[in-house]
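Everything below belongs to data_19.txt, which stores compact mmCIF, C-alpha atoms.
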```
# COMPACT_ATOMS: atom_id res chain seq x y z
CA MET A 166 39.15 -16.56 -47.22
CA SER A 167 36.50 -15.75 -49.79
CA THR A 168 33.04 -16.82 -50.82
CA PRO A 169 31.80 -17.24 -54.40
CA ASP A 170 29.36 -14.78 -55.88
CA THR A 171 25.91 -16.21 -56.59
CA SER A 172 26.44 -15.38 -60.26
CA GLY A 173 29.48 -17.64 -60.29
CA SER A 174 31.50 -14.99 -62.10
CA ALA A 175 33.56 -13.44 -59.34
CA VAL A 176 34.98 -13.88 -55.88
CA ILE A 177 33.89 -11.74 -52.93
CA PRO A 178 36.44 -11.08 -50.20
CA ALA A 179 35.14 -12.20 -46.80
CA GLU A 180 36.29 -8.95 -45.18
CA THR A 181 33.48 -6.40 -44.95
CA PRO A 182 34.50 -3.46 -47.14
CA TYR A 183 34.32 0.16 -46.06
CA VAL A 184 33.67 1.37 -49.63
CA THR A 185 31.52 -0.05 -52.42
CA ILE A 186 32.14 1.32 -55.90
CA VAL A 187 29.19 0.77 -58.25
CA LEU A 188 30.39 0.66 -61.87
CA PRO A 189 27.68 0.44 -64.57
CA CYS A 190 29.03 -1.26 -67.69
CA TYR A 191 27.17 -1.18 -70.99
CA ASN A 192 29.04 -1.86 -74.24
CA GLU A 193 32.41 -0.77 -72.82
CA GLN A 194 34.50 -3.73 -74.06
CA ASP A 195 37.43 -1.67 -75.37
CA HIS A 196 38.20 0.16 -72.14
CA VAL A 197 36.32 -1.41 -69.22
CA ILE A 198 39.38 -3.31 -67.98
CA ASP A 199 41.49 -0.14 -68.15
CA GLU A 200 38.92 1.56 -65.94
CA VAL A 201 38.83 -1.36 -63.52
CA GLU A 202 42.63 -1.28 -63.28
CA ARG A 203 42.61 2.45 -62.62
CA ILE A 204 39.99 2.19 -59.86
CA CYS A 205 41.56 -0.81 -58.16
CA ALA A 206 45.06 0.70 -58.27
CA ALA A 207 43.81 3.89 -56.60
CA MET A 208 41.85 2.01 -53.94
CA ASP A 209 44.69 -0.44 -53.23
CA ALA A 210 47.05 2.48 -52.65
CA SER A 211 44.52 4.30 -50.43
CA GLY A 212 44.39 1.66 -47.70
CA TYR A 213 40.57 1.63 -47.67
CA THR A 214 38.90 -1.77 -47.72
CA TYR A 215 36.62 -1.88 -50.74
CA GLU A 216 34.64 -3.86 -53.26
CA LEU A 217 34.17 -2.94 -56.90
CA LEU A 218 30.71 -3.97 -58.04
CA ALA A 219 30.88 -4.12 -61.84
CA VAL A 220 27.36 -4.47 -63.24
CA ASP A 221 27.00 -5.49 -66.87
CA ASP A 222 23.73 -3.96 -68.07
CA CYS A 223 23.05 -6.65 -70.71
CA SER A 224 25.79 -5.44 -73.06
CA SER A 225 25.60 -6.52 -76.70
CA ASP A 226 29.40 -6.67 -77.02
CA GLU A 227 32.11 -8.54 -75.09
CA THR A 228 32.02 -6.39 -71.96
CA LEU A 229 30.81 -9.17 -69.66
CA ALA A 230 33.23 -11.74 -71.10
CA ARG A 231 36.18 -9.41 -70.58
CA LEU A 232 35.15 -8.67 -67.01
CA GLN A 233 34.86 -12.38 -66.26
CA GLU A 234 38.20 -13.08 -67.91
CA ALA A 235 39.90 -10.37 -65.84
CA ALA A 236 38.16 -11.26 -62.55
CA PRO A 237 41.03 -13.40 -61.13
CA ARG A 238 43.35 -10.38 -61.38
CA PHE A 239 41.05 -8.23 -59.25
CA PRO A 240 40.08 -10.02 -56.01
CA HIS A 241 38.01 -7.04 -54.83
CA MET A 242 35.85 -7.00 -57.95
CA ARG A 243 32.38 -8.52 -57.85
CA ILE A 244 30.53 -8.98 -61.15
CA LYS A 245 26.77 -8.83 -61.54
CA ALA A 246 25.11 -9.44 -64.91
CA PHE A 247 21.66 -8.18 -65.85
CA HIS A 248 19.59 -10.30 -68.25
CA ARG A 249 17.93 -7.24 -69.76
CA ASN A 250 19.00 -3.63 -70.13
CA GLY A 251 17.74 -1.65 -67.14
CA GLY A 252 19.52 1.67 -67.59
CA SER A 253 22.22 3.32 -65.51
CA GLY A 254 19.72 4.38 -62.84
CA THR A 255 18.59 0.80 -62.31
CA VAL A 256 22.21 -0.37 -62.11
CA ARG A 257 23.05 2.28 -59.53
CA ARG A 258 19.92 1.63 -57.49
CA ILE A 259 20.39 -2.12 -57.28
CA GLY A 260 24.14 -1.76 -56.84
CA SER A 261 23.64 0.66 -53.95
CA GLN A 262 21.03 -1.56 -52.32
CA GLU A 263 23.38 -4.56 -52.53
CA ALA A 264 26.47 -2.60 -51.46
CA ARG A 265 28.25 -4.00 -48.43
CA GLY A 266 30.23 -0.84 -47.72
CA GLU A 267 29.28 2.09 -45.52
CA ILE A 268 30.32 4.47 -48.30
CA VAL A 269 28.91 4.01 -51.80
CA VAL A 270 30.66 5.52 -54.83
CA TRP A 271 29.05 6.01 -58.22
CA THR A 272 31.14 6.45 -61.33
CA ASP A 273 31.20 5.47 -65.01
CA ALA A 274 33.30 3.07 -67.07
CA ASP A 275 33.80 5.36 -70.06
CA MET A 276 37.10 6.98 -68.96
CA THR A 277 35.49 10.42 -68.50
CA TYR A 278 35.85 10.77 -64.73
CA PRO A 279 39.16 10.91 -62.80
CA ASN A 280 38.50 7.68 -60.92
CA GLU A 281 41.98 7.78 -59.41
CA ARG A 282 40.52 10.50 -57.16
CA ILE A 283 37.84 8.24 -55.65
CA PRO A 284 39.85 7.86 -52.39
CA GLU A 285 39.81 11.65 -52.11
CA LEU A 286 36.00 11.70 -52.17
CA VAL A 287 35.87 8.92 -49.58
CA GLY A 288 38.39 10.75 -47.39
CA ILE A 289 36.19 13.84 -47.21
CA LEU A 290 33.28 11.76 -45.92
CA GLU A 291 35.53 9.95 -43.47
CA LYS A 292 37.03 13.12 -42.00
CA ASP A 293 33.89 15.29 -41.90
CA SER A 294 30.84 13.63 -40.36
CA THR A 295 28.64 16.60 -41.29
CA VAL A 296 29.02 15.89 -45.01
CA ASP A 297 26.74 13.16 -46.36
CA GLN A 298 27.61 13.30 -50.05
CA VAL A 299 30.63 14.40 -52.08
CA VAL A 300 30.06 15.25 -55.73
CA GLY A 301 32.79 15.56 -58.33
CA ALA A 302 31.84 18.93 -59.83
CA ARG A 303 33.07 19.07 -63.42
CA THR A 304 34.92 22.17 -64.49
CA THR A 305 34.52 21.45 -68.24
CA GLU A 306 31.92 19.92 -70.54
CA GLU A 307 33.22 17.29 -72.96
CA GLY A 308 30.04 15.40 -73.80
CA SER A 309 28.36 14.95 -77.16
CA HIS A 310 26.03 17.71 -78.50
CA LYS A 311 28.12 20.18 -76.51
CA PHE A 312 26.63 23.29 -78.13
CA LEU A 313 23.17 22.11 -77.03
CA ARG A 314 24.06 20.43 -73.74
CA VAL A 315 25.85 23.39 -72.14
CA PRO A 316 22.91 25.88 -72.29
CA ALA A 317 20.34 23.14 -71.57
CA LYS A 318 22.22 21.88 -68.51
CA TRP A 319 22.77 25.44 -67.31
CA PHE A 320 19.02 26.14 -67.54
CA ILE A 321 18.08 22.89 -65.77
CA ARG A 322 20.66 23.55 -63.05
CA LYS A 323 19.32 27.07 -62.48
CA VAL A 324 15.76 25.71 -62.19
CA ALA A 325 16.99 23.13 -59.67
CA GLU A 326 18.89 25.79 -57.69
CA ARG A 327 15.80 27.96 -57.58
CA LEU A 328 13.60 25.13 -56.41
CA ALA A 329 16.15 23.64 -53.99
CA GLY A 330 17.01 27.06 -52.58
CA GLN A 331 20.81 26.72 -52.85
CA LYS A 332 23.67 26.78 -55.32
CA ILE A 333 24.44 23.54 -57.18
CA PRO A 334 27.78 23.63 -59.06
CA ASP A 335 27.09 20.32 -60.86
CA LEU A 336 23.62 18.79 -60.77
CA ASN A 337 24.22 15.59 -62.72
CA SER A 338 27.82 14.54 -62.25
CA GLY A 339 28.26 10.78 -62.47
CA LEU A 340 31.12 10.72 -59.94
CA ARG A 341 29.97 10.92 -56.33
CA ALA A 342 30.34 9.26 -52.93
CA PHE A 343 27.71 9.15 -50.22
CA ARG A 344 26.78 7.44 -46.97
CA LYS A 345 24.61 4.42 -47.69
CA SER A 346 22.65 4.86 -44.45
CA VAL A 347 21.61 8.36 -45.50
CA ALA A 348 20.80 7.45 -49.11
CA LYS A 349 18.82 4.30 -48.32
CA PRO A 350 15.36 5.98 -48.04
CA TYR A 351 15.83 7.68 -51.41
CA LEU A 352 17.10 4.78 -53.51
CA ARG A 353 13.57 3.69 -54.37
CA LEU A 354 13.02 7.08 -56.02
CA LEU A 355 15.78 6.60 -58.58
CA PRO A 356 14.55 6.51 -62.19
CA PRO A 357 16.11 4.01 -64.62
CA GLY A 358 17.94 6.54 -66.79
CA PHE A 359 20.68 9.17 -66.51
CA SER A 360 18.54 11.46 -64.32
CA CYS A 361 19.21 9.17 -61.34
CA VAL A 362 22.19 11.39 -60.45
CA THR A 363 19.93 14.45 -60.46
CA THR A 364 17.51 12.58 -58.21
CA ILE A 365 20.07 11.62 -55.56
CA THR A 366 21.41 15.19 -55.50
CA LEU A 367 17.99 16.78 -55.01
CA SER A 368 16.97 14.11 -52.49
CA PHE A 369 19.90 15.06 -50.27
CA LEU A 370 19.53 18.81 -50.73
CA SER A 371 15.76 18.80 -50.20
CA ASN A 372 16.20 16.99 -46.88
CA GLN A 373 18.98 19.22 -45.54
CA HIS A 374 21.82 16.72 -46.00
CA ASP A 375 25.12 18.50 -46.59
CA VAL A 376 26.63 18.00 -50.05
CA TYR A 377 30.26 18.91 -50.74
CA TYR A 378 31.34 19.75 -54.29
CA LEU A 379 34.90 18.80 -55.25
CA PRO A 380 36.13 20.33 -58.54
CA ILE A 381 37.29 17.67 -61.01
CA GLU A 382 38.46 17.48 -64.61
CA TYR A 383 36.18 15.80 -67.12
CA SER A 384 37.62 13.97 -70.13
CA LYS A 385 36.20 13.07 -73.50
CA ARG A 386 34.47 9.71 -73.24
CA ALA A 387 35.80 6.52 -74.75
CA GLY A 388 33.40 4.77 -77.08
CA LYS A 389 29.96 5.93 -78.19
CA SER A 390 27.77 8.07 -75.96
CA LYS A 391 24.43 6.64 -74.81
CA PHE A 392 23.05 10.13 -74.11
CA SER A 393 20.10 11.25 -76.22
CA PHE A 394 19.86 15.03 -76.05
CA ILE A 395 16.11 15.54 -76.56
CA SER A 396 14.72 12.62 -74.55
CA ASP A 397 17.29 12.79 -71.74
CA ALA A 398 17.08 16.60 -71.39
CA TYR A 399 13.29 16.29 -71.14
CA ARG A 400 13.64 13.61 -68.47
CA TYR A 401 16.12 15.76 -66.53
CA ILE A 402 13.68 18.69 -66.39
CA LEU A 403 10.79 16.40 -65.50
CA GLN A 404 12.80 14.72 -62.76
CA VAL A 405 13.85 18.05 -61.21
CA LEU A 406 10.20 19.12 -60.97
CA ARG A 407 9.14 15.68 -59.76
CA MET A 408 11.71 15.58 -56.96
CA VAL A 409 10.95 19.07 -55.68
CA MET A 410 7.22 18.28 -55.86
CA TYR A 411 7.90 15.12 -53.87
CA PHE A 412 9.77 16.92 -51.08
CA ASN A 413 8.53 20.54 -51.26
CA PRO A 414 5.47 21.01 -53.51
CA LEU A 415 4.91 24.58 -52.30
CA LYS A 416 8.07 25.60 -54.19
CA VAL A 417 6.49 24.50 -57.47
CA LEU A 418 2.79 25.20 -57.06
CA MET A 419 2.45 28.22 -54.78
CA PRO A 420 4.25 30.83 -56.99
CA PRO A 421 1.95 30.32 -60.01
CA ALA A 422 -1.06 30.15 -57.68
CA LEU A 423 -0.22 33.52 -56.12
CA TRP A 424 0.48 35.06 -59.52
CA LEU A 425 -2.89 33.92 -60.87
CA VAL A 426 -4.76 35.17 -57.79
CA GLY A 427 -2.92 38.50 -58.03
CA ILE A 428 -3.61 38.85 -61.75
CA GLY A 429 -7.26 37.96 -61.15
CA LEU A 430 -7.61 40.64 -58.46
CA VAL A 431 -5.94 43.32 -60.60
CA LYS A 432 -8.03 42.32 -63.59
CA GLY A 433 -11.18 42.40 -61.42
CA VAL A 434 -10.40 45.96 -60.30
CA TYR A 435 -9.78 46.97 -63.92
CA ASP A 436 -13.08 45.39 -65.03
CA ASN A 437 -15.02 47.29 -62.35
CA ILE A 438 -13.36 50.58 -63.21
CA LYS A 439 -14.14 50.07 -66.90
CA THR A 440 -17.64 48.70 -66.28
CA PRO A 441 -19.01 49.01 -62.69
CA PHE A 442 -20.26 45.80 -61.04
CA TYR A 443 -18.95 43.67 -63.90
CA LEU A 444 -16.41 40.81 -63.95
CA ALA A 445 -15.23 39.37 -67.24
CA GLY A 446 -15.36 35.62 -67.62
CA ASN A 447 -11.59 35.29 -68.03
CA THR A 448 -11.08 37.25 -64.78
CA THR A 449 -13.16 34.73 -62.87
CA VAL A 450 -11.35 31.80 -64.50
CA ILE A 451 -7.90 33.25 -63.68
CA PHE A 452 -8.82 33.95 -60.05
CA ILE A 453 -10.45 30.56 -59.43
CA SER A 454 -7.55 28.76 -61.15
CA GLY A 455 -5.16 30.44 -58.72
CA LEU A 456 -7.28 29.41 -55.76
CA LEU A 457 -7.47 25.81 -56.99
CA ILE A 458 -3.72 25.54 -57.59
CA GLY A 459 -3.05 27.12 -54.20
CA SER A 460 -5.39 24.63 -52.54
CA LEU A 461 -3.63 21.75 -54.28
CA ALA A 462 -0.26 23.15 -53.13
CA LEU A 463 -1.41 23.23 -49.50
CA LEU A 464 -2.92 19.75 -49.74
CA ALA A 465 0.25 18.36 -51.34
CA ASP A 466 2.38 19.99 -48.66
CA LEU A 467 0.18 18.47 -45.95
CA ILE A 468 0.63 15.01 -47.52
CA VAL A 469 4.41 15.48 -47.66
CA ARG A 470 4.60 16.62 -44.03
CA SER A 471 2.48 13.72 -42.80
CA ARG A 472 4.26 11.09 -44.91
CA ALA A 473 6.33 8.64 -42.89
CA GLU A 474 9.70 8.02 -44.56
```

Using the file provided, produce a representation of the structure as structure tokens.
Amino acid sequence: MSTPDTSGSAVIPAETPYVTIVLPCYNEQDHVIDEVERICAAMDASGYTYELLAVDDCSSDETLARLQEAAPRFPHMRIKAFHRNGGSGTVRRIGSQEARGEIVVWTDADMTYPNERIPELVGILEKDSTVDQVVGARTTEEGSHKFLRVPAKWFIRKVAERLAGQKIPDLNSGLRAFRKSVAKPYLRLLPPGFSCVTTITLSFLSNQHDVYYLPIEYSKRAGKSKFSFISDAYRYILQVLRMVMYFNPLKVLMPPALWLVGIGLVKGVYDNIKTPFYLAGNTTVIFISGLLIGSLALLADLIVRSRAE
């Protein structure tokens, strides 16, 4: 038995799935069905009950039409169509909120990720109850602007590792599986763009949820990349700082506060040695700035600790 989707474009199996795969689709007409076939074949062979939630993010090509045309061939696929482009983060947030499965999987429809390995990610979560998220950690970089992306992503990842206090093999992989019950409080924090994957990683790590990294191969994407190096790299850095500020503001604010206070004290001693009973104006500004930032750090930490999630 099955019930029709409210969009009228797909059929939802009545059986409650164990896994929900959220697949953002934006201008992927030439290969989206190949990706759907690959995912469904792997899941059918795995024995896991599942639903594939294919979300068309207001594509300007024939992506939606091809999904609707192929829907009868894939009884576990549910199609959702956005009326305006919301970004991959919006797709993943809404898809995760509407997921019926206990395990939610994120991936892409551009043929870059080894989606035939999705059952392997789900199996790790099923067998080990201490792991709350499994991330496909890429061993190669095949994206556009490679000569710029590799050092930029390395720098952003090192900043995130420093702030999160642990090693992160891949900060922004688009292939991951996690427990919906654990992720639910953090879904509202997801930004609309690519940095949503960074957000969900740091949300788990900052709240002591175990994340397992599974090495995967990463292929050259099919079609045209939607990644903009300058704007998206800026958003990645901003999101890393934002997330750590949200969960642990002392990590961001206290180090510069202590440095400024220390520099102010040293400078004050130097001023008095050079000219007894004299403090330069910049010494006072540096010292007071450190005290103010430190006070803000403590206040922000108090707000975080008292916040009910």

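For the choices A:Gly429, A:Gly358, A:Gly212, A:Pro284, the atom-to-atom distance to A:Ile186 is smallest for A:Pro284 when using all atoms listed in the file.
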
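Atom pair atom CA of A:Ala274 / atom CA of A:Lys345 has a distance of 21.3 Å (rounded to one decimal).
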
Find the nearest atom pair between each residue of stretch 202-318 of chain A and stretch 369-384 of chain A for residues within 7 Å, count only C-alpha atoms, give distances in Å to one decimal, sort rows by chain and ascending number, and present the table as JSON lines.
```
{"residue": "A:Thr277", "atom": "CA", "partner": "A:Ser384", "partner_atom": "CA", "distance": 4.4}
{"residue": "A:Tyr278", "atom": "CA", "partner": "A:Tyr383", "partner_atom": "CA", "distance": 5.6}
{"residue": "A:Pro279", "atom": "CA", "partner": "A:Glu382", "partner_atom": "CA", "distance": 6.9}
{"residue": "A:Thr295", "atom": "CA", "partner": "A:Asp375", "partner_atom": "CA", "distance": 6.6}
{"residue": "A:Val296", "atom": "CA", "partner": "A:Asp375", "partner_atom": "CA", "distance": 5.0}
{"residue": "A:Asp297", "atom": "CA", "partner": "A:Asp375", "partner_atom": "CA", "distance": 5.6}
{"residue": "A:Gln298", "atom": "CA", "partner": "A:Val376", "partner_atom": "CA", "distance": 4.8}
{"residue": "A:Val299", "atom": "CA", "partner": "A:Tyr377", "partner_atom": "CA", "distance": 4.7}
{"residue": "A:Val300", "atom": "CA", "partner": "A:Tyr378", "partner_atom": "CA", "distance": 4.9}
{"residue": "A:Gly301", "atom": "CA", "partner": "A:Leu379", "partner_atom": "CA", "distance": 4.9}
{"residue": "A:Ala302", "atom": "CA", "partner": "A:Pro380", "partner_atom": "CA", "distance": 4.7}
{"residue": "A:Arg303", "atom": "CA", "partner": "A:Ile381", "partner_atom": "CA", "distance": 5.1}
{"residue": "A:Thr304", "atom": "CA", "partner": "A:Glu382", "partner_atom": "CA", "distance": 5.9}
{"residue": "A:Thr305", "atom": "CA", "partner": "A:Tyr383", "partner_atom": "CA", "distance": 6.0}
{"residue": "A:Glu306", "atom": "CA", "partner": "A:Tyr383", "partner_atom": "CA", "distance": 6.8}
{"residue": "A:Glu307", "atom": "CA", "partner": "A:Ser384", "partner_atom": "CA", "distance": 6.2}
```

Save the residues we just selected, C-alpha atoms, as a PDB file, in the frame of the given file?
```pdb
ATOM      1  CA  THR A 277      35.490  10.420 -68.500  1.00  0.00           C
ATOM      2  CA  TYR A 278      35.850  10.770 -64.730  1.00  0.00           C
ATOM      3  CA  PRO A 279      39.160  10.910 -62.800  1.00  0.00           C
ATOM      4  CA  THR A 295      28.640  16.600 -41.290  1.00  0.00           C
ATOM      5  CA  VAL A 296      29.020  15.890 -45.010  1.00  0.00           C
ATOM      6  CA  ASP A 297      26.740  13.160 -46.360  1.00  0.00           C
ATOM      7  CA  GLN A 298      27.610  13.300 -50.050  1.00  0.00           C
ATOM      8  CA  VAL A 299      30.630  14.400 -52.080  1.00  0.00           C
ATOM      9  CA  VAL A 300      30.060  15.250 -55.730  1.00  0.00           C
ATOM     10  CA  GLY A 301      32.790  15.560 -58.330  1.00  0.00           C
ATOM     11  CA  ALA A 302      31.840  18.930 -59.830  1.00  0.00           C
ATOM     12  CA  ARG A 303      33.070  19.070 -63.420  1.00  0.00           C
ATOM     13  CA  THR A 304      34.920  22.170 -64.490  1.00  0.00           C
ATOM     14  CA  THR A 305      34.520  21.450 -68.240  1.00  0.00           C
ATOM     15  CA  GLU A 306      31.920  19.920 -70.540  1.00  0.00           C
ATOM     16  CA  GLU A 307      33.220  17.290 -72.960  1.00  0.00           C
TER      17      GLU A 307
END
```

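The two atoms in question, atom CA of A:Gly459 and atom CA of A:Asp436, are spaced 23.5 Å apart.
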
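The coordinates place atom CA of A:Leu188 at 14.1 Å from atom CA of A:Ile268.
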
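Counting all atoms listed in the file and comparing A:Ala465, A:Ala317, A:Leu352, A:Ile283, the residue that lies closest to A:Ala207 is A:Ile283.
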
Compile the contact shell of A:Cys223 as a PyMOL selection string: residues with an atom at most 9 Å away, counting all atoms listed in the file, same-chain residues fewer than 2 positions apart removed. chain A and resi 190-192+220-221+225-226+229+246-251

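Those residues that approach A:Arg353 to within 10 Å, counting all atoms listed in the file, are Thr255, Arg258, Ile259, Gln262, Ala348, Lys349, Pro350, Tyr351, Leu355 and Pro356 of chain A; same-chain residues fewer than 2 positions away are not listed.
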
Could the centre and edge lengths of an axis-aligned box, enclosing all atoms of stretch 348-351 of chain A in the file with 4 Å extra on each side, be given in Å to one decimal as JSON?
```
{"center_x": 18.1, "center_y": 6.0, "center_z": -49.7, "size_x": 13.4, "size_y": 11.4, "size_z": 11.4}
```

Up to 7 Å from (-12.7, 39.6, -66.9) in the file's coordinates: name the residues, counting only C-alpha atoms, as JSON, numbers by chain. {"A": [432, 433, 436, 444, 445, 446, 447, 448, 449]}

Nearest to A:Ala422 among A:Tyr435, A:Tyr399, A:Phe442, A:Phe452, with distances taken over only C-alpha atoms: which residue is it? A:Phe452

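Nearest residue to A:Met276 among A:His241, A:Phe320, A:Ser294, A:Lys385 is A:Lys385, counting all atoms listed in the file.
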